[in-house]
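Asker: What follows is start-v3.cif; its format and atoms are mmCIF, C-alpha atoms and all ligand atoms.
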```cif
data_run
loop_
_atom_site.label_atom_id
_atom_site.label_comp_id
_atom_site.auth_asym_id
_atom_site.auth_seq_id
_atom_site.Cartn_x
_atom_site.Cartn_y
_atom_site.Cartn_z
CA MET A 1 125.15 98.55 -66.23
CA ALA A 2 126.14 99.55 -69.76
CA GLN A 3 124.82 97.28 -72.51
CA LYS A 4 127.35 94.69 -73.70
CA THR A 5 128.23 94.75 -77.39
CA LEU A 6 128.96 91.74 -79.55
CA LEU A 7 130.38 91.90 -83.07
CA VAL A 8 128.98 89.24 -85.41
CA THR A 9 130.73 88.71 -88.75
CA GLY A 10 128.64 87.24 -91.57
CA GLY A 11 125.41 88.26 -89.83
CA ALA A 12 123.57 88.59 -93.15
CA GLY A 13 124.23 84.94 -94.01
CA PHE A 14 122.26 81.82 -93.15
CA ILE A 15 123.65 80.95 -89.69
CA GLY A 16 124.86 84.48 -88.83
CA SER A 17 121.36 85.90 -89.30
CA ALA A 18 119.95 83.23 -86.93
CA VAL A 19 122.59 84.23 -84.36
CA VAL A 20 121.78 87.94 -84.75
CA ARG A 21 118.01 87.33 -84.48
CA GLN A 22 118.52 85.29 -81.29
CA LEU A 23 120.91 87.84 -79.75
CA ILE A 24 118.39 90.63 -80.32
CA ASN A 25 115.18 88.70 -79.56
CA ASN A 26 116.27 86.48 -76.65
CA HIS A 27 119.20 88.39 -75.10
CA ASP A 28 120.13 91.92 -74.14
CA TYR A 29 123.28 92.49 -76.23
CA ARG A 30 123.91 95.36 -78.60
CA VAL A 31 124.84 93.62 -81.87
CA VAL A 32 127.05 94.94 -84.66
CA ASN A 33 126.68 92.89 -87.83
CA ILE A 34 129.81 93.11 -90.02
CA ASP A 35 129.05 91.77 -93.47
CA LYS A 36 130.40 92.44 -96.97
CA LEU A 37 127.07 91.34 -98.51
CA THR A 38 128.40 88.86 -101.05
CA TYR A 39 125.91 86.92 -103.20
CA ALA A 40 125.20 84.83 -100.04
CA GLY A 41 124.45 87.72 -97.69
CA ASN A 42 121.04 89.34 -97.59
CA LEU A 43 119.70 91.94 -95.18
CA GLU A 44 116.14 90.70 -95.75
CA SER A 45 117.02 87.82 -93.44
CA LEU A 46 117.28 90.40 -90.64
CA LYS A 47 114.06 92.30 -91.32
CA GLU A 48 112.49 91.38 -87.97
CA VAL A 49 115.37 92.90 -85.96
CA SER A 50 116.83 95.62 -88.20
CA SER A 51 114.83 98.47 -86.66
CA ASN A 52 115.75 97.47 -83.11
CA PRO A 53 117.97 100.20 -81.56
CA ARG A 54 120.37 97.48 -80.30
CA TYR A 55 121.08 96.35 -83.90
CA HIS A 56 123.81 98.00 -86.02
CA PHE A 57 125.09 97.15 -89.48
CA GLU A 58 128.53 97.77 -90.99
CA GLN A 59 128.99 96.76 -94.62
CA VAL A 60 132.68 95.90 -94.40
CA ASP A 61 134.97 93.18 -95.76
CA ILE A 62 136.67 91.24 -92.92
CA CYS A 63 139.95 91.63 -94.85
CA ASP A 64 139.76 95.45 -94.47
CA LYS A 65 142.11 96.18 -91.54
CA GLU A 66 141.39 99.87 -91.24
CA ASN A 67 137.63 99.45 -91.01
CA ILE A 68 137.72 96.38 -88.76
CA SER A 69 140.00 98.28 -86.32
CA ARG A 70 137.68 101.27 -86.50
CA ILE A 71 134.71 99.02 -85.61
CA PHE A 72 136.51 97.49 -82.61
CA ASN A 73 137.46 100.95 -81.30
CA ARG A 74 134.10 102.52 -81.95
CA TYR A 75 131.84 99.83 -80.44
CA GLN A 76 134.15 98.50 -77.67
CA PRO A 77 132.78 94.92 -77.89
CA VAL A 78 132.97 92.25 -75.19
CA GLY A 79 133.36 89.63 -77.88
CA ILE A 80 133.25 88.69 -81.53
CA LEU A 81 131.35 85.76 -83.08
CA HIS A 82 133.12 85.11 -86.37
CA LEU A 83 130.92 83.46 -89.01
CA ALA A 84 131.79 85.35 -92.21
CA ALA A 85 133.12 82.93 -94.80
CA GLU A 86 132.80 81.61 -98.28
CA SER A 87 130.78 78.51 -97.40
CA HIS A 88 129.88 76.46 -100.48
CA VAL A 89 132.07 73.43 -101.27
CA ASP A 90 131.08 73.38 -104.98
CA ARG A 91 132.18 77.01 -105.44
CA SER A 92 135.47 76.28 -103.69
CA ILE A 93 136.18 73.57 -106.26
CA VAL A 94 135.55 75.94 -109.20
CA GLY A 95 137.27 78.99 -107.68
CA PRO A 96 139.28 78.53 -104.48
CA GLY A 97 140.79 82.05 -104.53
CA GLU A 98 137.98 83.81 -102.65
CA PHE A 99 138.00 81.02 -100.03
CA ILE A 100 141.68 81.59 -99.35
CA GLN A 101 141.12 85.33 -99.18
CA THR A 102 138.05 85.50 -96.93
CA ASN A 103 138.41 82.35 -94.85
CA ILE A 104 142.16 82.49 -94.23
CA VAL A 105 143.34 86.07 -94.83
CA GLY A 106 140.09 87.51 -93.44
CA THR A 107 140.35 85.45 -90.25
CA TYR A 108 144.01 86.47 -89.88
CA ASN A 109 143.00 90.13 -90.21
CA LEU A 110 140.25 89.76 -87.58
CA LEU A 111 142.67 88.03 -85.20
CA GLU A 112 145.22 90.84 -85.58
CA CYS A 113 142.61 93.57 -85.05
CA ALA A 114 141.14 91.67 -82.07
CA LYS A 115 144.63 91.25 -80.58
CA GLU A 116 145.41 94.98 -80.84
CA TYR A 117 142.05 95.86 -79.29
CA TYR A 118 142.33 93.21 -76.53
CA ASN A 119 145.85 94.24 -75.55
CA GLN A 120 144.73 97.77 -74.71
CA LEU A 121 141.63 96.72 -72.72
CA ALA A 122 141.79 97.63 -69.01
CA ASP A 123 139.46 94.75 -68.02
CA LYS A 124 140.51 91.72 -70.05
CA THR A 125 138.14 89.28 -68.33
CA LEU A 126 135.16 89.82 -70.59
CA PHE A 127 136.51 89.53 -74.12
CA LYS A 128 136.19 86.34 -76.20
CA PHE A 129 136.82 85.56 -79.89
CA VAL A 130 134.49 82.75 -80.98
CA HIS A 131 135.46 81.18 -84.28
CA ILE A 132 132.70 79.25 -86.07
CA SER A 133 134.00 76.26 -87.98
CA THR A 134 132.81 73.05 -89.53
CA ASP A 135 132.98 69.27 -89.15
CA GLU A 136 134.50 69.15 -92.66
CA VAL A 137 137.94 70.00 -91.21
CA PHE A 138 138.08 66.40 -89.89
CA GLY A 139 137.81 64.85 -93.37
CA SER A 140 135.58 61.95 -94.33
CA LEU A 141 134.31 58.98 -92.29
CA GLY A 142 133.58 55.42 -93.41
CA ASP A 143 130.36 53.67 -92.41
CA THR A 144 131.10 53.84 -88.68
CA GLY A 145 132.58 56.21 -86.09
CA TYR A 146 132.18 59.88 -85.18
CA PHE A 147 134.22 63.07 -85.25
CA SER A 148 135.00 64.65 -81.88
CA GLU A 149 137.27 67.37 -80.48
CA THR A 150 140.21 64.91 -80.45
CA THR A 151 139.89 63.84 -84.10
CA ALA A 152 142.94 64.79 -86.18
CA TYR A 153 142.34 67.40 -88.88
CA ASN A 154 142.24 65.96 -92.41
CA PRO A 155 140.48 68.48 -94.72
CA ARG A 156 140.01 67.37 -98.31
CA SER A 157 138.31 70.19 -100.26
CA PRO A 158 139.51 73.76 -100.89
CA TYR A 159 136.65 74.93 -98.61
CA SER A 160 137.46 72.60 -95.72
CA SER A 161 141.20 73.27 -96.08
CA SER A 162 140.57 77.00 -95.84
CA LYS A 163 138.42 76.47 -92.73
CA ALA A 164 141.03 74.16 -91.19
CA SER A 165 143.70 76.80 -91.86
CA SER A 166 141.60 79.44 -90.13
CA ASP A 167 141.06 77.14 -87.11
CA MET A 168 144.85 76.71 -86.87
CA LEU A 169 145.41 80.47 -86.98
CA VAL A 170 142.85 80.95 -84.20
CA ARG A 171 144.62 78.32 -82.05
CA ALA A 172 147.98 79.96 -82.74
CA TRP A 173 146.73 83.39 -81.63
CA TYR A 174 145.56 81.78 -78.37
CA HIS A 175 148.82 79.97 -77.63
CA THR A 176 151.20 82.67 -78.88
CA TYR A 177 149.44 85.92 -77.97
CA ASN A 178 146.99 84.77 -75.24
CA LEU A 179 144.02 85.98 -77.28
CA PRO A 180 140.97 84.44 -75.54
CA VAL A 181 139.42 82.18 -78.16
CA VAL A 182 136.84 79.41 -78.43
CA ILE A 183 136.24 77.31 -81.58
CA THR A 184 133.04 75.50 -82.57
CA ASN A 185 132.88 72.78 -85.26
CA CYS A 186 129.35 72.02 -86.41
CA THR A 187 127.67 69.57 -88.75
CA ASN A 188 125.44 70.46 -91.74
CA ASN A 189 122.82 73.08 -90.87
CA TYR A 190 119.38 73.48 -92.42
CA GLY A 191 116.37 75.71 -91.78
CA PRO A 192 114.88 79.07 -92.83
CA TYR A 193 116.96 81.65 -94.76
CA HIS A 194 119.32 78.97 -96.18
CA PHE A 195 120.73 80.18 -99.50
CA PRO A 196 119.21 78.01 -102.26
CA GLU A 197 122.55 76.74 -103.59
CA LYS A 198 122.79 74.18 -100.74
CA LEU A 199 121.13 70.75 -100.99
CA ILE A 200 117.99 71.21 -98.86
CA PRO A 201 116.77 74.64 -100.06
CA LEU A 202 117.86 73.83 -103.63
CA ILE A 203 115.73 70.68 -103.65
CA ILE A 204 112.67 72.45 -102.18
CA ASN A 205 112.87 75.30 -104.68
CA ASN A 206 113.67 73.15 -107.72
CA ALA A 207 110.80 70.82 -106.82
CA LEU A 208 108.34 73.71 -106.65
CA ALA A 209 109.68 75.14 -109.93
CA GLY A 210 109.25 71.78 -111.71
CA LYS A 211 113.02 71.51 -112.24
CA ALA A 212 115.35 68.52 -111.90
CA LEU A 213 116.38 67.52 -108.36
CA PRO A 214 120.13 66.91 -108.85
CA ILE A 215 121.65 64.15 -106.73
CA TYR A 216 125.42 63.79 -106.88
CA GLY A 217 126.62 60.24 -107.55
CA LYS A 218 124.28 57.60 -106.12
CA GLY A 219 122.93 59.77 -103.29
CA ASP A 220 124.49 57.52 -100.66
CA ASN A 221 126.77 60.17 -99.09
CA VAL A 222 125.81 60.82 -95.47
CA ARG A 223 125.47 64.16 -93.69
CA ASP A 224 124.54 64.81 -90.03
CA TRP A 225 121.85 67.53 -90.08
CA LEU A 226 121.25 70.17 -87.39
CA TYR A 227 118.46 72.76 -87.33
CA VAL A 228 120.05 76.21 -87.62
CA GLU A 229 118.42 77.66 -84.46
CA ASP A 230 120.02 74.84 -82.42
CA HIS A 231 123.42 75.73 -83.86
CA ALA A 232 122.89 79.44 -83.13
CA ARG A 233 122.09 78.61 -79.47
CA GLY A 234 125.27 76.53 -79.29
CA ILE A 235 127.37 79.42 -80.63
CA ILE A 236 125.95 81.88 -78.07
CA LEU A 237 126.52 79.33 -75.32
CA ALA A 238 130.11 78.85 -76.49
CA TYR A 239 130.59 82.62 -76.13
CA GLU A 240 128.95 82.80 -72.70
CA LYS A 241 130.30 79.60 -71.12
CA GLY A 242 133.01 78.13 -73.38
CA GLN A 243 136.45 77.51 -71.86
CA LEU A 244 139.26 79.53 -73.41
CA GLY A 245 141.41 77.66 -75.92
CA GLU A 246 138.84 74.85 -76.20
CA SER A 247 136.86 73.66 -79.18
CA TYR A 248 133.32 72.28 -79.09
CA CYS A 249 131.81 69.90 -81.63
CA ILE A 250 128.11 70.55 -82.33
CA GLY A 251 125.70 68.06 -83.88
CA GLY A 252 122.36 66.42 -83.17
CA HIS A 253 122.80 62.79 -84.32
CA ASN A 254 120.62 63.14 -87.41
CA GLU A 255 122.51 61.17 -90.03
CA LYS A 256 120.79 60.79 -93.41
CA THR A 257 121.90 59.81 -96.89
CA ASN A 258 121.34 62.54 -99.46
CA LEU A 259 118.75 60.35 -101.18
CA GLU A 260 116.83 59.99 -97.88
CA VAL A 261 116.87 63.78 -97.44
CA VAL A 262 115.56 64.40 -100.96
CA GLN A 263 112.88 61.71 -100.65
CA THR A 264 111.73 63.15 -97.31
CA ILE A 265 111.38 66.63 -98.81
CA CYS A 266 109.43 65.20 -101.77
CA LYS A 267 107.07 63.35 -99.40
CA ILE A 268 106.35 66.50 -97.36
CA LEU A 269 105.74 68.51 -100.55
CA ASP A 270 103.47 65.74 -101.92
CA GLU A 271 101.29 66.29 -98.83
CA LEU A 272 101.48 70.07 -98.49
CA LYS A 273 101.58 71.13 -102.15
CA PRO A 274 100.55 68.22 -104.43
CA LYS A 275 101.58 68.54 -108.08
CA VAL A 276 98.76 69.35 -110.49
CA ASP A 277 99.23 65.98 -112.26
CA LYS A 278 99.23 64.21 -108.83
CA ALA A 279 102.64 62.62 -109.57
CA SER A 280 105.15 62.55 -106.71
CA TYR A 281 107.93 65.14 -106.68
CA THR A 282 110.32 62.16 -106.60
CA SER A 283 109.69 61.91 -110.36
CA GLN A 284 111.95 64.98 -110.70
CA ILE A 285 114.97 63.25 -109.08
CA THR A 286 117.95 63.22 -111.47
CA TYR A 287 121.30 61.56 -110.80
CA VAL A 288 124.15 63.81 -111.95
CA THR A 289 127.96 63.77 -112.05
CA ASP A 290 129.44 63.42 -108.59
CA ARG A 291 131.23 66.26 -106.78
CA ALA A 292 135.02 66.03 -107.18
CA GLY A 293 136.59 64.52 -104.03
CA HIS A 294 133.11 64.12 -102.48
CA ASP A 295 133.48 63.33 -98.75
CA TYR A 296 131.50 60.15 -98.01
CA ARG A 297 130.20 60.64 -94.48
CA TYR A 298 130.20 63.23 -91.68
CA ALA A 299 128.88 62.43 -88.18
CA MET A 300 129.53 64.20 -84.90
CA ASP A 301 129.84 63.20 -81.26
CA PRO A 302 128.52 66.26 -79.37
CA THR A 303 129.09 64.85 -75.85
CA LYS A 304 131.47 67.62 -74.76
CA ILE A 305 129.17 70.59 -75.46
CA GLN A 306 126.25 68.65 -73.97
CA SER A 307 127.97 67.66 -70.74
CA GLU A 308 130.16 70.74 -70.19
CA LEU A 309 127.94 73.57 -71.47
CA GLY A 310 124.50 71.96 -71.12
CA TRP A 311 123.62 72.34 -74.82
CA GLN A 312 120.83 70.16 -76.24
CA PRO A 313 119.20 70.38 -79.67
CA GLN A 314 115.49 71.19 -79.62
CA GLU A 315 114.65 69.84 -83.09
CA ASN A 316 115.09 66.40 -84.62
CA PHE A 317 115.27 65.96 -88.38
CA ASP A 318 111.58 65.06 -88.79
CA SER A 319 110.34 68.17 -86.96
CA GLY A 320 113.00 70.49 -88.41
CA ILE A 321 112.61 69.48 -92.04
CA LYS A 322 108.81 69.89 -91.88
CA LYS A 323 109.23 73.42 -90.44
CA THR A 324 111.81 74.19 -93.11
CA VAL A 325 109.66 73.09 -96.05
CA GLU A 326 106.72 75.07 -94.63
CA TRP A 327 108.95 78.16 -94.27
CA TYR A 328 110.01 77.98 -97.93
CA LEU A 329 106.39 77.53 -99.04
CA ASP A 330 105.46 80.68 -97.08
CA ASN A 331 108.52 82.76 -98.06
CA HIS A 332 108.89 82.41 -101.78
CA GLU A 333 109.53 86.17 -102.05
CA TRP A 334 112.70 85.86 -99.95
CA VAL A 335 113.99 83.19 -102.35
CA GLU A 336 113.26 85.37 -105.40
CA HIS A 337 115.02 88.34 -103.84
CA VAL A 338 118.23 86.52 -102.82
CA LEU A 339 118.76 84.93 -106.22
CA SER A 340 120.79 87.76 -107.74
CA CYS A 341 121.73 87.99 -111.43
CA GLU A 342 125.37 87.54 -110.35
CA TYR A 343 124.51 84.21 -108.69
CA GLN A 344 122.37 82.94 -111.58
CA GLN A 345 125.10 83.78 -114.11
CA TRP A 346 127.59 81.88 -111.97
CA VAL A 347 125.32 78.81 -111.94
CA GLN A 348 124.84 78.90 -115.70
CA LYS A 349 128.56 79.19 -116.31
CA ASN A 350 129.76 76.57 -113.84
CA TYR A 351 127.22 73.74 -113.52
CA ASP A 352 126.59 71.37 -116.39
CA ASN A 353 123.94 69.53 -114.38
CA ARG A 354 121.29 72.18 -113.74
CA CYS A 355 118.23 72.73 -115.93
P1 LIG B 1 126.63 81.84 -95.72
O1 LIG B 1 127.37 81.66 -96.99
O2 LIG B 1 125.15 81.69 -95.70
O3 LIG B 1 126.94 83.30 -95.13
C1 LIG B 1 128.22 83.85 -95.13
C2 LIG B 1 128.09 85.34 -94.84
O4 LIG B 1 129.41 85.89 -94.78
C3 LIG B 1 127.33 86.11 -95.91
O5 LIG B 1 126.41 87.02 -95.31
C4 LIG B 1 128.42 86.86 -96.66
O6 LIG B 1 127.97 88.09 -97.21
C5 LIG B 1 129.45 87.09 -95.54
N1 LIG B 1 130.81 87.26 -96.07
C6 LIG B 1 131.46 86.47 -96.97
N2 LIG B 1 132.68 86.95 -97.21
C7 LIG B 1 132.83 88.05 -96.41
C8 LIG B 1 133.88 88.97 -96.19
N3 LIG B 1 135.05 88.88 -96.86
N4 LIG B 1 133.70 89.98 -95.31
C9 LIG B 1 132.53 90.10 -94.64
N5 LIG B 1 131.49 89.28 -94.83
C10 LIG B 1 131.64 88.26 -95.69
O7 LIG B 1 127.33 80.87 -94.68
P2 LIG B 1 126.68 80.04 -93.47
O8 LIG B 1 126.18 78.76 -94.00
O9 LIG B 1 125.79 80.93 -92.72
O10 LIG B 1 127.99 79.72 -92.63
C11 LIG B 1 128.43 80.63 -91.62
C12 LIG B 1 129.69 80.07 -90.98
O11 LIG B 1 129.40 78.80 -90.37
C13 LIG B 1 130.83 79.81 -91.94
O12 LIG B 1 132.03 80.16 -91.30
C14 LIG B 1 130.77 78.31 -92.20
O13 LIG B 1 132.05 77.84 -92.51
C15 LIG B 1 130.29 77.82 -90.87
N6 LIG B 1 129.53 76.55 -90.90
C16 LIG B 1 128.47 76.41 -91.76
C17 LIG B 1 127.73 75.23 -91.73
C18 LIG B 1 126.54 75.03 -92.65
O14 LIG B 1 126.00 73.92 -92.69
N7 LIG B 1 126.07 76.04 -93.36
C19 LIG B 1 128.06 74.21 -90.82
C20 LIG B 1 129.16 74.40 -89.97
C21 LIG B 1 129.87 75.59 -89.99
O1 LIG B 2 129.27 69.84 -92.80
C1 LIG B 2 129.20 71.23 -92.65
C2 LIG B 2 129.21 71.88 -94.01
O2 LIG B 2 127.94 71.60 -94.60
C3 LIG B 2 129.46 73.38 -93.95
O3 LIG B 2 130.74 73.61 -93.44
C4 LIG B 2 129.33 74.00 -95.35
O4 LIG B 2 129.48 75.39 -95.27
C5 LIG B 2 127.95 73.66 -95.89
O5 LIG B 2 127.79 74.16 -97.21
C6 LIG B 2 127.72 72.15 -95.88
O6 LIG B 2 128.57 71.48 -96.85
P1 LIG B 2 128.03 70.28 -97.77
O7 LIG B 2 128.89 70.19 -98.97
O8 LIG B 2 127.84 69.05 -96.96
O9 LIG B 2 126.56 70.87 -98.13
P2 LIG B 2 125.73 70.89 -99.51
O10 LIG B 2 124.36 71.34 -99.15
O11 LIG B 2 126.45 71.61 -100.59
O12 LIG B 2 125.67 69.35 -99.88
C7 LIG B 2 125.10 68.40 -99.00
C8 LIG B 2 125.24 67.04 -99.66
O13 LIG B 2 124.39 66.98 -100.80
C9 LIG B 2 126.63 66.74 -100.17
O14 LIG B 2 126.91 65.36 -99.98
C10 LIG B 2 126.56 67.06 -101.67
C11 LIG B 2 125.12 66.74 -102.00
N1 LIG B 2 124.50 67.57 -103.07
C12 LIG B 2 124.61 68.92 -102.98
C13 LIG B 2 124.03 69.73 -103.93
C14 LIG B 2 124.17 71.23 -103.84
C15 LIG B 2 123.78 66.96 -104.08
O15 LIG B 2 123.66 65.72 -104.14
N2 LIG B 2 123.20 67.77 -105.02
C16 LIG B 2 123.30 69.14 -104.99
O16 LIG B 2 122.76 69.82 -105.90
#
```
Take the structure in this file and express it as structure tokens.

Answerer:
Amino acid sequence: MAQKTLLVTGGAGFIGSAVVRQLINNHDYRVVNIDKLTYAGNLESLKEVSSNPRYHFEQVDICDKENISRIFNRYQPVGILHLAAESHVDRSIVGPGEFIQTNIVGTYNLLECAKEYYNQLADKTLFKFVHISTDEVFGSLGDTGYFSETTAYNPRSPYSSSKASSDMLVRAWYHTYNLPVVITNCTNNYGPYHFPEKLIPLIINNALAGKALPIYGKGDNVRDWLYVEDHARGIILAYEKGQLGESYCIGGHNEKTNLEVVQTICKILDELKPKVDKASYTSQITYVTDRAGHDYRYAMDPTKIQSELGWQPQENFDSGIKKTVEWYLDNHEWVEHVLSCEYQQWVQKNYDNRC
């Protein structure tokens, strides 16, 4: 039987690269990674699979209709896993334009190209468009309760609004044009190859560099953390077994306040890489101005994907965070390489709380 091809958008990013590595290492798909290589995309994250003959790379913007259509026609995929996005809430507050362009217009363009391709397929049974979204589309929780597939959308940042918009477009292409789609909404991911603008890798790298560990507000905001490899398995499962037109919430019940997360990282570093002066890394914690419109709490009920698709996370926060800190200690070169001049200039211009 001919090898099945999957397109993966955003495969040079944090979660996309985990998906591509799993598809090549643990499955038999041919994989075409479509990535524009923004500041957040880095091919070094794919080093271990890039010479595999089943791996292909196309440096293309998802908004580029001509090239996306060319890719569909050339590779004849059985599905597309759509992860490409502008993903950082802070950047969406400073400059929402790129979020509108990539997350909304880019998704629209992919849907149109997928629709044209799907409509001319002789065997329509195999194709699926999997759209990767976030728990942030549901808004912000108080101290109790969980998001689930039936929670009403209530996005509150430019990032989450752009993701919610893209989810709505995906649903519309299913209902209006019968495009076979599945949506996943996941909680905060962490793990290897996470771009060091996000809380966990930022704290690890700032700690090691002797810099301030910036905590927004009082550090009492809550996030529900999932190890990235568990999310990647959920995405592949959603492609292979997900019901058309359905969405699946993914999360592992690992709620932590931001302060707890930072203190845990400091404790692990105190053991693995004690500071020369023997002080704890917690001495670098600095409380800074809060994020505008900062969502208080996210927490997910993953019952549906567990009971219907048989997904279970393999890591809990204690095991996953230890692995993550160890990975950053062993892969400092990756961090140095991904921190482009463009990114560092952006940080200097836009944050008043980094030193
Ligand atoms: P990331 O920022 O690490 O990676 C995004 C990738 O998309 C990069 O490789 C970038 O080069 C590429 N990209 C950006 N704009 C593009 C464009 N116009 N055309 C082609 N490629 C483009 O993001 P991530 O954290 O890996 O998130 C991946 C997806 O998962 C996103 O859709 C995000 O909304 C979603 N998500 C992320 C999390 C999380 O905690 N990181 C949780 C839930 C859902
Ligand atoms: O919930 C899923 C979302 O998780 C994804 O959709 C997003 O793409 C992803 O970036 C992430 O969004 P968050 O805003 O939750 O992640 P971030 O790592 O930016 O922040 C996590 C928490 O830590 C949040 O409450 C803000 C806080 N924070 C963040 C940074 C960067 C700090 O206190 N200090 C910081 O320096």

Asker: When you count only C-alpha atoms and all ligand atoms, which of these residues is closest to ligand LIG 1 (chain B): A:Glu229, A:Glu260, A:Asp35, A:Asp318?

Answerer: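 Distance minimum relative to ligand LIG 1 (chain B) lands on A:Asp35.
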
Asker: For atom CA of A:Leu237 and atom CA of A:Ile132, determine how far apart the two atoms are, in Å to one decimal place.

Answerer: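 Separation between atom CA of A:Leu237 and atom CA of A:Ile132: 12.4 Å.
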
Asker: Using all atoms listed in the file, which of the listed residues (A:Phe147, A:Trp327, A:Phe99, A:Tyr239) sits closest to A:Leu6?

Answerer: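 Looking at the shortest contact to A:Leu6, the residue is A:Tyr239.
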
Asker: Just checking: using only C-alpha atoms and all ligand atoms, which residue out of A:Gly145, A:Pro302, A:Pro214, A:Gly106 ends up closest to ligand LIG 1 (chain B)?

Answerer: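 Looking only at the distances to ligand LIG 1 (chain B), the closest residue turns out to be A:Gly106.
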
Asker: Within 8 Å of ligand LIG 2 (chain B), which residues of chain A come that close, and what is the closest atom pair and distance in Å for each? Count all atoms listed in the file and give it as JSON lines.

Answerer:
```
{"residue": "A:Glu86", "atom": "CA", "partner": "B:LIG2", "partner_atom": "O4", "distance": 7.7}
{"residue": "A:Ser87", "atom": "CA", "partner": "B:LIG2", "partner_atom": "O4", "distance": 4.0}
{"residue": "A:His88", "atom": "CA", "partner": "B:LIG2", "partner_atom": "O5", "distance": 4.5}
{"residue": "A:Val89", "atom": "CA", "partner": "B:LIG2", "partner_atom": "O7", "distance": 5.1}
{"residue": "A:Asp90", "atom": "CA", "partner": "B:LIG2", "partner_atom": "O11", "distance": 6.6}
{"residue": "A:Ser133", "atom": "CA", "partner": "B:LIG2", "partner_atom": "O3", "distance": 6.9}
{"residue": "A:Thr134", "atom": "CA", "partner": "B:LIG2", "partner_atom": "O3", "distance": 4.5}
{"residue": "A:Asp135", "atom": "CA", "partner": "B:LIG2", "partner_atom": "O1", "distance": 5.2}
{"residue": "A:Glu136", "atom": "CA", "partner": "B:LIG2", "partner_atom": "O1", "distance": 5.3}
{"residue": "A:Tyr159", "atom": "CA", "partner": "B:LIG2", "partner_atom": "O4", "distance": 7.9}
{"residue": "A:Ser160", "atom": "CA", "partner": "B:LIG2", "partner_atom": "O3", "distance": 7.2}
{"residue": "A:Cys186", "atom": "CA", "partner": "B:LIG2", "partner_atom": "C1", "distance": 6.3}
{"residue": "A:Thr187", "atom": "CA", "partner": "B:LIG2", "partner_atom": "O1", "distance": 4.4}
{"residue": "A:Asn188", "atom": "CA", "partner": "B:LIG2", "partner_atom": "C1", "distance": 3.9}
{"residue": "A:Asn189", "atom": "CA", "partner": "B:LIG2", "partner_atom": "O2", "distance": 6.5}
{"residue": "A:Glu197", "atom": "CA", "partner": "B:LIG2", "partner_atom": "C14", "distance": 5.7}
{"residue": "A:Lys198", "atom": "CA", "partner": "B:LIG2", "partner_atom": "O10", "distance": 3.6}
{"residue": "A:Leu199", "atom": "CA", "partner": "B:LIG2", "partner_atom": "O10", "distance": 3.8}
{"residue": "A:Ile200", "atom": "CA", "partner": "B:LIG2", "partner_atom": "O10", "distance": 6.4}
{"residue": "A:Leu202", "atom": "CA", "partner": "B:LIG2", "partner_atom": "O16", "distance": 6.7}
{"residue": "A:Ile203", "atom": "CA", "partner": "B:LIG2", "partner_atom": "O16", "distance": 7.4}
{"residue": "A:Leu213", "atom": "CA", "partner": "B:LIG2", "partner_atom": "O16", "distance": 7.2}
{"residue": "A:Pro214", "atom": "CA", "partner": "B:LIG2", "partner_atom": "O16", "distance": 4.9}
{"residue": "A:Ile215", "atom": "CA", "partner": "B:LIG2", "partner_atom": "O15", "distance": 3.6}
{"residue": "A:Tyr216", "atom": "CA", "partner": "B:LIG2", "partner_atom": "O15", "distance": 3.8}
{"residue": "A:Gly217", "atom": "CA", "partner": "B:LIG2", "partner_atom": "O15", "distance": 7.1}
{"residue": "A:Gly219", "atom": "CA", "partner": "B:LIG2", "partner_atom": "O15", "distance": 6.1}
{"residue": "A:Asn221", "atom": "CA", "partner": "B:LIG2", "partner_atom": "O14", "distance": 5.3}
{"residue": "A:Val222", "atom": "CA", "partner": "B:LIG2", "partner_atom": "O14", "distance": 6.5}
{"residue": "A:Arg223", "atom": "CA", "partner": "B:LIG2", "partner_atom": "O8", "distance": 6.3}
{"residue": "A:Asp224", "atom": "CA", "partner": "B:LIG2", "partner_atom": "O1", "distance": 7.4}
{"residue": "A:Asn258", "atom": "CA", "partner": "B:LIG2", "partner_atom": "O13", "distance": 5.6}
{"residue": "A:Leu259", "atom": "CA", "partner": "B:LIG2", "partner_atom": "O15", "distance": 7.9}
{"residue": "A:Asp290", "atom": "CA", "partner": "B:LIG2", "partner_atom": "O15", "distance": 7.6}
{"residue": "A:Arg291", "atom": "CA", "partner": "B:LIG2", "partner_atom": "C10", "distance": 7.0}
{"residue": "A:His294", "atom": "CA", "partner": "B:LIG2", "partner_atom": "O14", "distance": 6.8}
{"residue": "A:Asp295", "atom": "CA", "partner": "B:LIG2", "partner_atom": "O14", "distance": 7.0}
{"residue": "A:Tyr296", "atom": "CA", "partner": "B:LIG2", "partner_atom": "O14", "distance": 7.2}
{"residue": "A:Arg297", "atom": "CA", "partner": "B:LIG2", "partner_atom": "O14", "distance": 8.0}
{"residue": "A:Tyr298", "atom": "CA", "partner": "B:LIG2", "partner_atom": "O1", "distance": 6.8}
```

Asker: Report the distance between atom CA of A:Ile68 and atom CA of A:Ala232 in Å, rounded to one decimal place.

Answerer: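 Computing it gives 23.2 Å between the two atoms.
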
Asker: Every residue with an atom at most 10 Å from (124.9, 91.3, -79.1) (file coordinates; all atoms listed in the file) is what I'm after, so could you write them as a list of chain:residue names?

Answerer: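 I get A:Gln3, A:Lys4, A:Thr5, A:Leu6, A:Leu7, A:Val8, A:Val19, A:Val20, A:Arg21, A:Gln22, A:Leu23, A:Ile24, A:His27, A:Asp28, A:Tyr29, A:Arg30, A:Val31, A:Val32, A:Asn33, A:Arg54, A:Tyr55, A:His56, A:Pro77, A:Val78, A:Gly79, A:Ile80, A:Leu81, A:Ile236 for the residues within 10 Å of that point.
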